[in-house]
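Novice: Please find coords_5.cif (mmCIF, C-alpha atoms) on the next line:
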data_query
#
loop_
_atom_site.label_atom_id
_atom_site.label_comp_id
_atom_site.auth_asym_id
_atom_site.auth_seq_id
_atom_site.Cartn_x
_atom_site.Cartn_y
_atom_site.Cartn_z
CA MET A 768 0.00 0.00 0.00
CA ALA A 769 2.82 2.40 0.89
CA ALA A 770 4.54 1.67 -2.43
CA ALA A 771 1.29 2.27 -4.30
CA THR A 772 0.86 5.60 -2.51
CA GLU A 773 4.46 6.56 -3.16
CA GLY A 774 4.16 5.86 -6.90
CA PRO A 775 1.56 8.55 -7.69
CA GLY A 776 3.44 10.98 -5.46
CA ARG A 777 6.62 10.48 -7.42
CA ALA A 778 4.70 10.81 -10.68
CA LEU A 779 3.18 14.07 -9.47
CA ALA A 780 6.62 15.34 -8.44
CA ARG A 781 8.03 14.46 -11.86
CA ARG A 782 5.18 16.20 -13.66
CA THR A 783 5.52 19.26 -11.45
CA GLY A 784 9.27 19.37 -12.01
CA ALA A 785 8.77 19.03 -15.77
CA ARG A 786 6.27 21.90 -15.79
CA LEU A 787 8.60 24.10 -13.75
CA ARG A 788 11.53 23.31 -16.03
CA ASP A 789 9.38 24.07 -19.08
CA ARG A 790 8.27 27.40 -17.62
CA TYR A 791 11.82 28.29 -16.64
CA HIS A 792 12.97 27.48 -20.16
CA ARG A 793 10.23 29.68 -21.64
CA VAL A 794 11.21 32.55 -19.37
CA ARG A 795 14.91 32.13 -20.17
CA VAL A 796 14.22 32.05 -23.92
CA ASN A 797 11.97 35.14 -23.83
CA VAL A 798 13.70 37.26 -21.17
CA LEU A 799 15.61 39.15 -23.85
CA LEU A 800 12.35 40.09 -25.56
CA ALA A 801 10.96 41.31 -22.23
CA LEU A 802 14.04 43.47 -21.66
CA GLN A 803 13.87 44.86 -25.19
CA ALA A 804 10.17 45.70 -24.82
CA GLY A 805 10.68 47.39 -21.45
CA ILE A 806 13.59 49.50 -22.70
CA ALA A 807 11.75 50.41 -25.90
CA ALA A 808 8.58 51.46 -24.05
CA GLY A 809 10.51 53.71 -21.69
CA LEU A 810 12.55 55.29 -24.48
CA ALA A 811 9.45 55.82 -26.64
CA TRP A 812 7.67 57.65 -23.81
CA PHE A 813 10.76 59.76 -23.11
CA VAL A 814 11.26 60.80 -26.74
CA ALA A 815 7.59 61.53 -27.40
CA HIS A 816 6.99 63.32 -24.07
CA ASP A 817 10.27 65.12 -23.39
CA VAL A 818 11.73 65.58 -26.87
CA VAL A 819 8.66 65.98 -29.10
CA ASN A 820 6.70 67.59 -26.21
CA HIS A 821 3.50 65.59 -26.45
CA PRO A 822 1.68 65.76 -23.08
CA ARG A 823 0.11 62.26 -23.23
CA PRO A 824 2.03 60.13 -25.74
CA PHE A 825 0.45 56.78 -24.90
CA PHE A 826 0.60 55.67 -28.55
CA ALA A 827 4.42 55.78 -28.51
CA PRO A 828 5.12 53.02 -25.93
CA ILE A 829 2.22 50.97 -27.32
CA ALA A 830 3.73 51.13 -30.82
CA ALA A 831 7.18 50.22 -29.49
CA VAL A 832 5.90 47.17 -27.61
CA ILE A 833 3.74 45.98 -30.52
CA THR A 834 6.69 46.29 -32.91
CA LEU A 835 8.80 44.06 -30.67
CA ALA A 836 6.00 41.67 -29.75
CA VAL A 837 5.19 40.55 -33.29
CA SER A 838 6.90 37.48 -34.68
CA VAL A 839 10.64 37.91 -34.90
CA GLY A 840 11.52 37.96 -38.58
CA GLN A 841 8.51 40.13 -39.45
CA ARG A 842 9.25 43.17 -37.32
CA LEU A 843 10.35 45.51 -40.10
CA ARG A 844 7.23 44.82 -42.18
CA ARG A 845 4.97 44.82 -39.13
CA ALA A 846 6.44 48.11 -37.89
CA PHE A 847 5.58 49.65 -41.26
CA GLU A 848 2.07 48.20 -41.13
CA LEU A 849 1.70 49.44 -37.57
CA VAL A 850 2.57 53.04 -38.44
CA VAL A 851 0.45 53.05 -41.61
CA GLY A 852 -2.47 51.38 -39.84
CA VAL A 853 -2.35 53.84 -36.96
CA ALA A 854 -2.16 56.71 -39.45
CA ILE A 855 -5.25 55.48 -41.30
CA GLY A 856 -7.21 54.87 -38.11
CA ILE A 857 -6.29 58.21 -36.56
CA ALA A 858 -6.92 60.19 -39.75
CA ILE A 859 -10.36 58.68 -40.31
CA GLY A 860 -11.26 58.73 -36.61
CA ASP A 861 -10.13 62.30 -36.00
CA THR A 862 -11.83 63.62 -39.13
CA LEU A 863 -15.18 61.88 -38.80
CA ILE A 864 -15.55 62.23 -35.04
CA TYR A 865 -14.70 65.92 -35.27
CA LEU A 866 -17.34 66.39 -38.01
CA ILE A 867 -20.18 64.11 -36.82
CA GLY A 868 -19.53 63.72 -33.08
CA THR A 869 -19.40 60.59 -30.90
CA GLY A 870 -21.83 57.75 -30.31
CA PRO A 871 -22.33 54.07 -31.11
CA GLY A 872 -23.26 54.75 -34.73
CA GLN A 873 -20.24 56.98 -35.25
CA VAL A 874 -17.90 54.39 -33.70
CA GLY A 875 -19.26 51.69 -36.02
CA LEU A 876 -18.92 53.94 -39.07
CA VAL A 877 -15.36 54.96 -38.17
CA VAL A 878 -14.23 51.35 -37.69
CA THR A 879 -15.90 50.22 -40.93
CA LEU A 880 -14.28 52.97 -42.97
CA ALA A 881 -10.88 52.39 -41.35
CA ILE A 882 -10.97 48.68 -42.24
CA VAL A 883 -12.20 49.29 -45.78
CA THR A 884 -9.45 51.88 -46.32
CA ALA A 885 -6.77 49.52 -44.97
CA ILE A 886 -7.98 46.74 -47.28
CA PHE A 887 -8.01 49.17 -50.22
CA PHE A 888 -4.33 49.94 -49.59
CA GLY A 889 -3.55 46.22 -49.66
CA GLY A 890 -2.89 45.88 -45.94
CA GLY A 891 -2.38 42.61 -44.17
CA SER A 892 -3.98 41.56 -40.90
CA ALA A 893 -1.64 43.72 -38.81
CA LEU A 894 -2.39 46.89 -40.78
CA ILE A 895 -6.14 46.26 -40.72
CA THR A 896 -6.10 45.53 -36.97
CA GLN A 897 -4.11 48.66 -36.17
CA ALA A 898 -6.32 50.84 -38.35
CA ALA A 899 -9.47 49.55 -36.65
CA SER A 900 -8.11 49.68 -33.09
CA SER A 901 -6.67 53.18 -33.57
CA ALA A 902 -10.01 54.38 -34.88
CA VAL A 903 -11.75 52.89 -31.84
CA LEU A 904 -9.34 54.62 -29.45
CA VAL A 905 -9.81 57.95 -31.18
CA ALA A 906 -13.59 57.60 -31.24
CA THR A 907 -13.98 56.53 -27.62
CA LEU A 908 -11.09 57.41 -25.33
CA THR A 909 -9.58 60.52 -26.89
CA PRO A 910 -12.00 62.13 -29.38
CA PRO A 911 -10.65 65.29 -31.03
CA THR A 912 -11.80 68.61 -29.65
CA ASP A 913 -9.62 71.10 -31.55
CA GLY A 914 -9.59 69.63 -35.04
CA VAL A 915 -7.53 66.88 -36.63
CA SER A 916 -4.22 66.30 -34.83
CA PHE A 917 -1.09 64.54 -36.04
CA ASP A 918 0.30 64.00 -32.54
CA ARG A 919 -0.85 60.41 -32.26
CA PHE A 920 0.54 59.53 -35.68
CA VAL A 921 3.89 61.02 -34.65
CA ASP A 922 3.75 59.00 -31.42
CA ALA A 923 3.16 55.80 -33.41
CA LEU A 924 6.03 56.64 -35.71
CA VAL A 925 8.34 57.35 -32.75
CA GLY A 926 7.36 54.11 -31.03
CA GLY A 927 7.79 51.96 -34.14
CA LEU A 928 11.20 53.39 -34.95
CA ILE A 929 12.42 53.07 -31.37
CA GLY A 930 11.22 49.46 -31.26
CA LEU A 931 13.25 48.65 -34.36
CA GLY A 932 16.21 50.61 -33.02
CA VAL A 933 16.23 48.71 -29.74
CA MET A 934 16.05 45.42 -31.63
CA ALA A 935 18.93 46.41 -33.91
CA LEU A 936 21.23 48.25 -31.51
CA LEU A 937 20.43 47.16 -27.95
CA LEU A 938 20.67 43.48 -27.04
CA PRO A 939 20.31 42.15 -30.62
CA LEU A 940 19.81 38.40 -30.87
CA ASN A 941 22.72 36.34 -32.18
CA PRO A 942 21.43 35.07 -35.57
CA LEU A 943 23.60 31.96 -35.53
CA THR A 944 22.42 31.02 -32.03
CA VAL A 945 18.78 31.41 -33.09
CA VAL A 946 19.22 29.28 -36.21
CA GLY A 947 21.49 26.73 -34.53
CA ARG A 948 18.92 26.05 -31.81
CA ALA A 949 16.21 25.49 -34.43
CA ALA A 950 18.42 23.46 -36.77
CA LYS A 951 19.51 20.95 -34.13
CA PRO A 952 16.10 19.28 -33.56
CA ALA A 953 15.26 19.41 -37.28
CA LEU A 954 18.48 17.71 -38.39
CA ASP A 955 18.66 15.42 -35.36
CA VAL A 956 15.22 13.97 -36.07
CA LEU A 957 16.24 13.27 -39.67
CA ALA A 958 19.44 11.57 -38.58
CA GLU A 959 17.69 9.56 -35.87
CA GLY A 960 14.85 8.55 -38.19
CA LEU A 961 17.30 7.22 -40.77
CA THR A 962 19.34 5.43 -38.10
CA GLU A 963 16.15 3.75 -36.88
CA THR A 964 15.31 2.79 -40.47
CA ALA A 965 18.72 1.22 -41.01
CA GLU A 966 18.37 -0.78 -37.78
CA ALA A 967 14.84 -1.81 -38.77
CA LEU A 968 16.09 -3.08 -42.13
CA ALA A 969 18.99 -4.94 -40.51
CA GLU A 970 16.68 -6.60 -37.96
CA ARG A 971 13.65 -6.96 -40.27
CA ASP A 972 11.63 -5.08 -37.63
CA VAL A 973 8.55 -3.50 -39.22
CA ASP A 974 7.41 -1.88 -35.97
CA ARG A 975 10.71 -0.06 -35.69
CA ALA A 976 10.39 1.13 -39.28
CA ASP A 977 6.86 2.36 -38.55
CA ALA A 978 8.19 4.34 -35.59
CA ALA A 979 10.89 5.87 -37.78
CA LEU A 980 8.28 6.92 -40.34
CA ALA A 981 6.16 8.54 -37.63
CA ARG A 982 9.22 10.42 -36.38
CA LEU A 983 10.01 11.72 -39.87
CA ARG A 984 6.41 12.77 -40.45
CA ALA A 985 6.49 14.77 -37.22
CA ALA A 986 9.68 16.51 -38.38
CA GLU A 987 7.68 18.92 -40.58
CA SER A 988 7.02 21.10 -37.54
CA ASP A 989 10.74 21.18 -36.74
CA LEU A 990 11.52 22.28 -40.28
CA GLN A 991 8.85 24.98 -40.07
CA ARG A 992 10.48 26.30 -36.92
CA LEU A 993 13.84 26.25 -38.69
CA HIS A 994 12.48 28.37 -41.54
CA GLU A 995 10.96 30.81 -39.03
CA ALA A 996 14.29 30.99 -37.19
CA ILE A 997 16.09 31.72 -40.47
CA ASP A 998 13.65 34.56 -41.19
CA ALA A 999 14.26 35.98 -37.71
CA ALA A 1000 18.02 35.63 -37.99
CA SER A 1001 18.08 37.19 -41.45
CA GLU A 1002 16.18 40.20 -40.17
CA THR A 1003 18.54 40.66 -37.24
CA ALA A 1004 21.62 40.22 -39.44
CA ALA A 1005 20.28 42.87 -41.82
CA LEU A 1006 19.30 45.44 -39.16
CA ALA A 1007 21.87 44.99 -36.38
CA PRO A 1008 25.38 46.28 -37.24
CA ALA A 1009 26.85 44.15 -34.46
CA ARG A 1010 25.57 41.03 -36.24
CA TRP A 1011 26.56 41.84 -39.83
CA ARG A 1012 29.61 39.59 -39.58
CA THR A 1013 27.31 36.55 -39.19
CA ARG A 1014 25.85 36.89 -42.68
CA GLY A 1015 28.25 34.46 -44.34
CA ALA A 1016 27.56 31.62 -41.92
CA LEU A 1017 23.85 32.44 -41.96
CA ASN A 1018 23.77 32.14 -45.75
CA GLN A 1019 24.99 28.55 -45.37
CA TYR A 1020 21.91 27.76 -43.30
CA ILE A 1021 19.64 29.55 -45.76
CA ASP A 1022 21.07 27.62 -48.71
CA ALA A 1023 20.91 24.31 -46.84
CA ALA A 1024 17.36 24.63 -45.48
CA GLU A 1025 15.60 24.09 -48.82
CA HIS A 1026 17.64 20.99 -49.60
CA VAL A 1027 17.14 19.58 -46.10
CA ALA A 1028 13.37 19.88 -46.61
CA ARG A 1029 13.68 17.89 -49.84
CA ALA A 1030 15.83 15.31 -48.10
CA LEU A 1031 13.09 14.89 -45.51
CA ARG A 1032 10.50 14.17 -48.19
CA ASN A 1033 12.79 11.69 -49.94
CA SER A 1034 13.59 10.03 -46.62
CA ARG A 1035 9.90 9.48 -45.88
CA VAL A 1036 9.47 7.72 -49.23
CA LEU A 1037 12.56 5.67 -48.40
CA VAL A 1038 11.12 4.54 -45.06
CA ARG A 1039 7.75 3.61 -46.56
CA ARG A 1040 9.57 1.38 -49.04
CA ALA A 1041 11.70 -0.05 -46.24
CA ILE A 1042 8.49 -1.15 -44.53
CA LEU A 1043 7.39 -2.93 -47.72
CA VAL A 1044 10.81 -4.58 -48.13
CA ILE A 1045 10.44 -6.06 -44.64
CA GLN A 1046 6.78 -7.05 -45.08
CA ASP A 1047 7.36 -8.65 -48.50
CA GLY A 1048 10.55 -10.41 -47.48
CA GLU A 1049 12.55 -8.91 -50.34
CA GLU A 1050 16.24 -9.58 -50.80
CA LEU A 1051 18.19 -6.96 -48.85
CA PRO A 1052 21.91 -6.48 -49.50
CA GLU A 1053 23.94 -5.30 -46.52
CA ALA A 1054 25.20 -2.41 -48.66
CA LEU A 1055 21.68 -0.95 -48.73
CA VAL A 1056 21.53 -0.89 -44.94
CA ALA A 1057 24.96 0.74 -44.92
CA ALA A 1058 23.73 3.36 -47.41
CA VAL A 1059 20.88 4.39 -45.11
CA ARG A 1060 23.31 4.56 -42.16
CA SER A 1061 25.64 6.79 -44.18
CA LEU A 1062 22.74 9.12 -44.96
CA SER A 1063 22.08 9.39 -41.24
CA GLU A 1064 25.73 10.23 -40.59
CA ALA A 1065 25.62 12.86 -43.34
CA MET A 1066 22.66 14.54 -41.62
CA ASP A 1067 24.49 14.53 -38.31
CA TRP A 1068 27.65 15.99 -39.82
CA LEU A 1069 25.67 18.66 -41.64
CA ARG A 1070 24.28 19.89 -38.32
CA ARG A 1071 27.72 19.93 -36.71
CA GLU A 1072 29.50 21.68 -39.56
CA LEU A 1073 26.81 24.30 -40.08
CA GLY A 1074 26.92 24.98 -36.34
CA ASP A 1075 30.70 25.42 -36.52
CA ALA A 1076 30.34 27.76 -39.54
CA VAL A 1077 32.65 25.61 -41.69
CA GLU A 1078 32.12 24.10 -45.12
CA PRO A 1079 30.18 20.81 -44.67
CA VAL A 1080 32.90 18.64 -46.22
CA ALA A 1081 32.32 15.64 -43.93
CA ALA A 1082 28.56 15.76 -44.58
CA ARG A 1083 29.24 15.80 -48.33
CA GLU A 1084 31.63 12.85 -48.04
CA ARG A 1085 29.09 10.75 -46.11
CA ALA A 1086 26.33 11.60 -48.57
CA LEU A 1087 28.49 10.50 -51.50
CA ARG A 1088 29.41 7.35 -49.60
CA ALA A 1089 25.69 6.63 -49.22
CA ALA A 1090 25.20 7.05 -52.97
CA GLY A 1091 28.08 4.69 -53.63
CA GLU A 1092 26.73 2.06 -51.24
CA ALA A 1093 23.31 2.35 -52.90
CA GLY A 1094 24.98 1.64 -56.25
CA MET A 1095 26.76 -1.36 -54.73
CA ALA A 1096 23.45 -2.70 -53.39
CA TYR A 1097 21.85 -2.33 -56.82
CA ALA A 1098 24.74 -4.22 -58.41
CA GLU A 1099 24.32 -7.05 -55.86
CA GLY A 1100 20.62 -7.30 -56.66
CA VAL A 1101 17.48 -5.78 -55.15
CA GLY A 1102 13.74 -6.26 -55.54
CA PHE A 1103 11.19 -3.69 -56.66
CA SER A 1104 10.92 -1.84 -53.34
CA GLY A 1105 14.67 -2.16 -52.86
CA SER A 1106 15.25 -0.40 -56.18
CA VAL A 1107 13.00 2.43 -54.98
CA ILE A 1108 15.12 2.71 -51.83
CA VAL A 1109 18.22 2.92 -54.04
CA ALA A 1110 16.62 5.81 -55.95
CA GLN A 1111 15.60 7.60 -52.76
CA VAL A 1112 19.07 7.21 -51.25
CA ARG A 1113 20.46 8.81 -54.39
CA SER A 1114 17.90 11.61 -54.19
CA ALA A 1115 18.55 12.29 -50.51
CA ALA A 1116 22.31 12.10 -51.08
CA LEU A 1117 21.98 14.66 -53.87
CA ASP A 1118 19.94 16.90 -51.53
CA LEU A 1119 22.65 16.73 -48.89
CA VAL A 1120 25.47 17.37 -51.36
CA ARG A 1121 23.54 20.45 -52.49
CA ALA A 1122 23.02 21.42 -48.83
CA SER A 1123 26.79 21.24 -48.39
CA GLY A 1124 27.14 24.16 -50.77
CA LEU A 1125 27.74 22.65 -54.23
CA GLU A 1126 25.91 23.79 -57.34
CA ARG A 1127 23.39 21.54 -59.04
CA ALA A 1128 25.56 20.37 -61.96
CA GLU A 1129 28.55 19.52 -59.79
CA ALA A 1130 26.38 17.74 -57.21
CA HIS A 1131 24.76 15.61 -59.95
CA ARG A 1132 28.15 14.73 -61.38
CA LEU A 1133 29.55 13.60 -58.04
CA VAL A 1134 26.48 11.53 -57.12
CA ARG A 1135 26.36 9.82 -60.51
CA ARG A 1136 30.07 9.03 -60.28
CA ALA A 1137 29.68 7.64 -56.73
CA VAL A 1138 26.81 5.38 -57.80
CA GLY A 1139 28.35 4.32 -61.09
CA ARG A 1140 31.64 3.29 -59.47
CA HIS A 1141 29.99 0.06 -58.28
CA VAL A 1142 27.64 -0.65 -61.19
CA PRO A 1143 28.77 -2.43 -64.39
CA ALA A 1144 28.53 -0.27 -67.50
CA THR A 1145 25.89 -2.60 -68.99
CA ASP A 1146 23.61 -2.05 -65.98
CA LYS A 1147 23.95 1.74 -65.61
CA GLU A 1148 21.17 2.49 -68.07
CA HIS A 1149 18.79 0.41 -65.92
CA LEU A 1150 19.53 2.22 -62.68
CA PRO A 1151 16.37 3.74 -61.12
CA ALA A 1152 16.49 7.50 -61.73
CA THR A 1153 16.01 10.07 -59.00
CA ASP A 1154 13.09 12.50 -59.26
CA LYS A 1155 15.58 15.24 -60.15
CA GLU A 1156 17.03 13.21 -63.07
CA ARG A 1157 13.71 12.45 -64.75
#
Render the structure in this file as structure tokens.

Specialist:
Amino acid sequence: MAAATEGPGRALARRTGARLRDRYHRVRVNVLLALQAGIAAGLAWFVAHDVVNHPRPFFAPIAAVITLAVSVGQRLRRAFELVVGVAIGIAIGDTLIYLIGTGPGQVGLVVTLAIVTAIFFGGGSALITQAASSAVLVATLTPPTDGVSFDRFVDALVGGLIGLGVMALLLPLNPLTVVGRAAKPALDVLAEGLTETAEALAERDVDRADAALARLRAAESDLQRLHEAIDAASETAALAPARWRTRGALNQYIDAAEHVARALRNSRVLVRRAILVIQDGEELPEALVAAVRSLSEAMDWLRRELGDAVEPVAARERALRAAGEAGMAYAEGVGFSGSVIVAQVRSAALDLVRASGLERAEAHRLVRRAVGRHVPATDKEHLPATDKER
């Protein structure tokens, strides 16, 4: 009985500890944003109140915080939309409320016209939202009494610019740290999924192959986060002078990301065929298992070398080794699904060679040479072609 009571207690303690660790991690990851927003709000109020001499510049700190609070990677565009949206809302609100007075009907008309105007100018959701909310504030909290005023537009402009300035000059994020943190889970899950697939083929374990396929399917969200991180890092590298020196290493990630996404799709096809190889009891040369393992190693090396900001030479070498082992397996003899795996290994290897920084023609040449080294000349014309070669 005591053991039974102790079990749920330990489980509760573990869950509580996990929640606390998760919350601590979230705070640690976002503390820089909180500091940036606090500094930007204070500076925006100071500039608008003490430099521009606006008595109640509440739009300035609001604009600064909103500029920093939107998704990192979209701040420059959102800051523009914020200022334009506020300008539309204030202009329409000030003008109409000054001419027709306040009331529920006037508020509805002001908001409708502000949204229609924002849509007419091609605004996105941020611009439309800011136009509508600014019109509401003007119509309800601070209706004009002495004619149309540009003070609130100036406040929004001050706040938006200060928000961008704080992001670029004070405590700018390290672009390579941002991308490296996002790239690790994305590339790790690819490497681990392929390792699991190789082990499943070696052991003829269909359940293990199914688990690998599920892992690779779930990797789409990791790749999405990687692309978002690249957008954020690119914005910071463009705006923050202190981070300009990271552009070269960041470009390696940008160039690699597209090819990694293609490698993921090819790897999923590979795993589905691996499941059929096991289920159908097809002939399975050891070289084909080795080829899948080499692909996994190439993924792992790509993550390491991109993180170290060096040319991914080791990743390229492993990818070409995988292509060569796939050619060896084809020469030894494979069934229908095995030949599809050979093609997908070649496709994924080509993706990783491209991710290592080589141009298309050179990457094709190296992969074809690696495969053809182990295939007799009479059989080369029968090799299954990759999607990119068709």

Novice: Once the PyMOL selection byres ((chain A and resi 1103) around 12) has been evaluated on this model, what residues remain selected, and can you format them as a ChimeraX atom specification?

Specialist: /A:1040-1041,1043-1044,1047-1051,1097,1100-1102,1104-1110,1150-1151

Novice: Of the candidates A:Ile1021, A:Ala1089, A:Leu983, A:Ala858, which shows the shortest atom-to-atom distance to A:Ile997, using only C-alpha atoms?

Specialist: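 Smallest distance to A:Ile997 is found for A:Ile1021.
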
Novice: Here's the selection I'm unsure about, the PyMOL selection byres ((chain A and resi 950-954) around 8); applied to the file above, which residues does it give, as a list in words?

Specialist: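 With the shown file as input, the PyMOL selection byres ((chain A and resi 950-954) around 8) matches Val946, Gly947, Arg948, Ala949, Asp955, Val956, Leu957, Ala958, Ala986, Asp989, Leu990, Leu993, Met1066, Asp1067, Leu1069 and Arg1070 of chain A.
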
Novice: Keeping only C-alpha atoms, write those residues as a PDB file, keeping the file's coordinate frame.

Specialist:
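For reference, part-v4.pdb as written:
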ATOM      1  CA  VAL A 946      19.220  29.280 -36.210  1.00  0.00           C
ATOM      2  CA  GLY A 947      21.490  26.730 -34.530  1.00  0.00           C
ATOM      3  CA  ARG A 948      18.920  26.050 -31.810  1.00  0.00           C
ATOM      4  CA  ALA A 949      16.210  25.490 -34.430  1.00  0.00           C
ATOM      5  CA  ASP A 955      18.660  15.420 -35.360  1.00  0.00           C
ATOM      6  CA  VAL A 956      15.220  13.970 -36.070  1.00  0.00           C
ATOM      7  CA  LEU A 957      16.240  13.270 -39.670  1.00  0.00           C
ATOM      8  CA  ALA A 958      19.440  11.570 -38.580  1.00  0.00           C
ATOM      9  CA  ALA A 986       9.680  16.510 -38.380  1.00  0.00           C
ATOM     10  CA  ASP A 989      10.740  21.180 -36.740  1.00  0.00           C
ATOM     11  CA  LEU A 990      11.520  22.280 -40.280  1.00  0.00           C
ATOM     12  CA  LEU A 993      13.840  26.250 -38.690  1.00  0.00           C
ATOM     13  CA  MET A1066      22.660  14.540 -41.620  1.00  0.00           C
ATOM     14  CA  ASP A1067      24.490  14.530 -38.310  1.00  0.00           C
ATOM     15  CA  LEU A1069      25.670  18.660 -41.640  1.00  0.00           C
ATOM     16  CA  ARG A1070      24.280  19.890 -38.320  1.00  0.00           C
TER      17      ARG A1070
END

Novice: Could you tell me how far atom CA of A:Pro822 sits from atom CA of A:Thr879, in Å to one decimal place?

Specialist: 29.5 Å

Novice: Please write as an NGL selection string the full residue list that the PyMOL selection byres ((chain A and resi 807) around 12) yields on this file.

Specialist: :A and (800-806 or 808-815 or 827-836 or 925-938)

Novice: Would you put the residues from that selection into a file with C-alpha atoms, as a short mmCIF file (atom, residue, chain, number, x, y, z; two decimals), keeping the file's coordinate frame?

Specialist:
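Output below, filename out.cif:
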data_model
loop_
_atom_site.label_atom_id
_atom_site.label_comp_id
_atom_site.auth_asym_id
_atom_site.auth_seq_id
_atom_site.Cartn_x
_atom_site.Cartn_y
_atom_site.Cartn_z
CA LEU A 800 12.35 40.09 -25.56
CA ALA A 801 10.96 41.31 -22.23
CA LEU A 802 14.04 43.47 -21.66
CA GLN A 803 13.87 44.86 -25.19
CA ALA A 804 10.17 45.70 -24.82
CA GLY A 805 10.68 47.39 -21.45
CA ILE A 806 13.59 49.50 -22.70
CA ALA A 808 8.58 51.46 -24.05
CA GLY A 809 10.51 53.71 -21.69
CA LEU A 810 12.55 55.29 -24.48
CA ALA A 811 9.45 55.82 -26.64
CA TRP A 812 7.67 57.65 -23.81
CA PHE A 813 10.76 59.76 -23.11
CA VAL A 814 11.26 60.80 -26.74
CA ALA A 815 7.59 61.53 -27.40
CA ALA A 827 4.42 55.78 -28.51
CA PRO A 828 5.12 53.02 -25.93
CA ILE A 829 2.22 50.97 -27.32
CA ALA A 830 3.73 51.13 -30.82
CA ALA A 831 7.18 50.22 -29.49
CA VAL A 832 5.90 47.17 -27.61
CA ILE A 833 3.74 45.98 -30.52
CA THR A 834 6.69 46.29 -32.91
CA LEU A 835 8.80 44.06 -30.67
CA ALA A 836 6.00 41.67 -29.75
CA VAL A 925 8.34 57.35 -32.75
CA GLY A 926 7.36 54.11 -31.03
CA GLY A 927 7.79 51.96 -34.14
CA LEU A 928 11.20 53.39 -34.95
CA ILE A 929 12.42 53.07 -31.37
CA GLY A 930 11.22 49.46 -31.26
CA LEU A 931 13.25 48.65 -34.36
CA GLY A 932 16.21 50.61 -33.02
CA VAL A 933 16.23 48.71 -29.74
CA MET A 934 16.05 45.42 -31.63
CA ALA A 935 18.93 46.41 -33.91
CA LEU A 936 21.23 48.25 -31.51
CA LEU A 937 20.43 47.16 -27.95
CA LEU A 938 20.67 43.48 -27.04
#

Novice: Would you work out the distance separating atom CA of A:Gly1124 from atom CA of A:Ala1086, expressed in Å to one decimal?

Specialist: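 The value is 12.8 Å.
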
Novice: For A:Asp1075, which residue among A:Ala1007, A:Leu1017, A:Val1027, A:Leu1119 is the nearest when counting all atoms listed in the file?

Specialist: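 Between A:Ala1007, A:Leu1017, A:Val1027, A:Leu1119, the residue approaching A:Asp1075 most closely is A:Leu1017.
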
Novice: Let me make sure I understand: among A:Ala923, A:Asp972, A:Val905, A:Gln873, which one has the smallest atom-to-atom distance to A:Phe826 if we use only C-alpha atoms?

Specialist: A:Ala923

Novice: Pick the closest to A:Ala885 from A:Ala1122, A:Val853, A:Leu779, A:Leu863: which is it, counting all atoms listed in the file?

Specialist: A:Val853

Novice: Please determine, counting only C-alpha atoms, which residue among A:Val851, A:Arg1132, A:Ile867, A:Ile857 has the shortest atom-to-atom distance to A:Ile886.

Specialist: A:Val851

Novice: Tell me which of A:Leu894, A:Val1138, A:Ile1042, A:Val1077 sits closest to A:Arg844, counting only C-alpha atoms.

Specialist: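 Of all the options, A:Leu894 lies closest to A:Arg844.
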
Novice: What is the distance between atom CA of A:Val1134 and atom CA of A:Val1120, in Å to one decimal?

Specialist: 8.3 Å

Novice: Could you give me, as a PyMOL selection string, the residues within 12 Å of A:Ala1016, counting all atoms listed in the file and dropping anything in the same chain fewer than 4 positions from it?

Specialist: chain A and resi 941-944+946-947+997+1000-1001+1004+1010-1012+1020-1023+1072-1079+1124
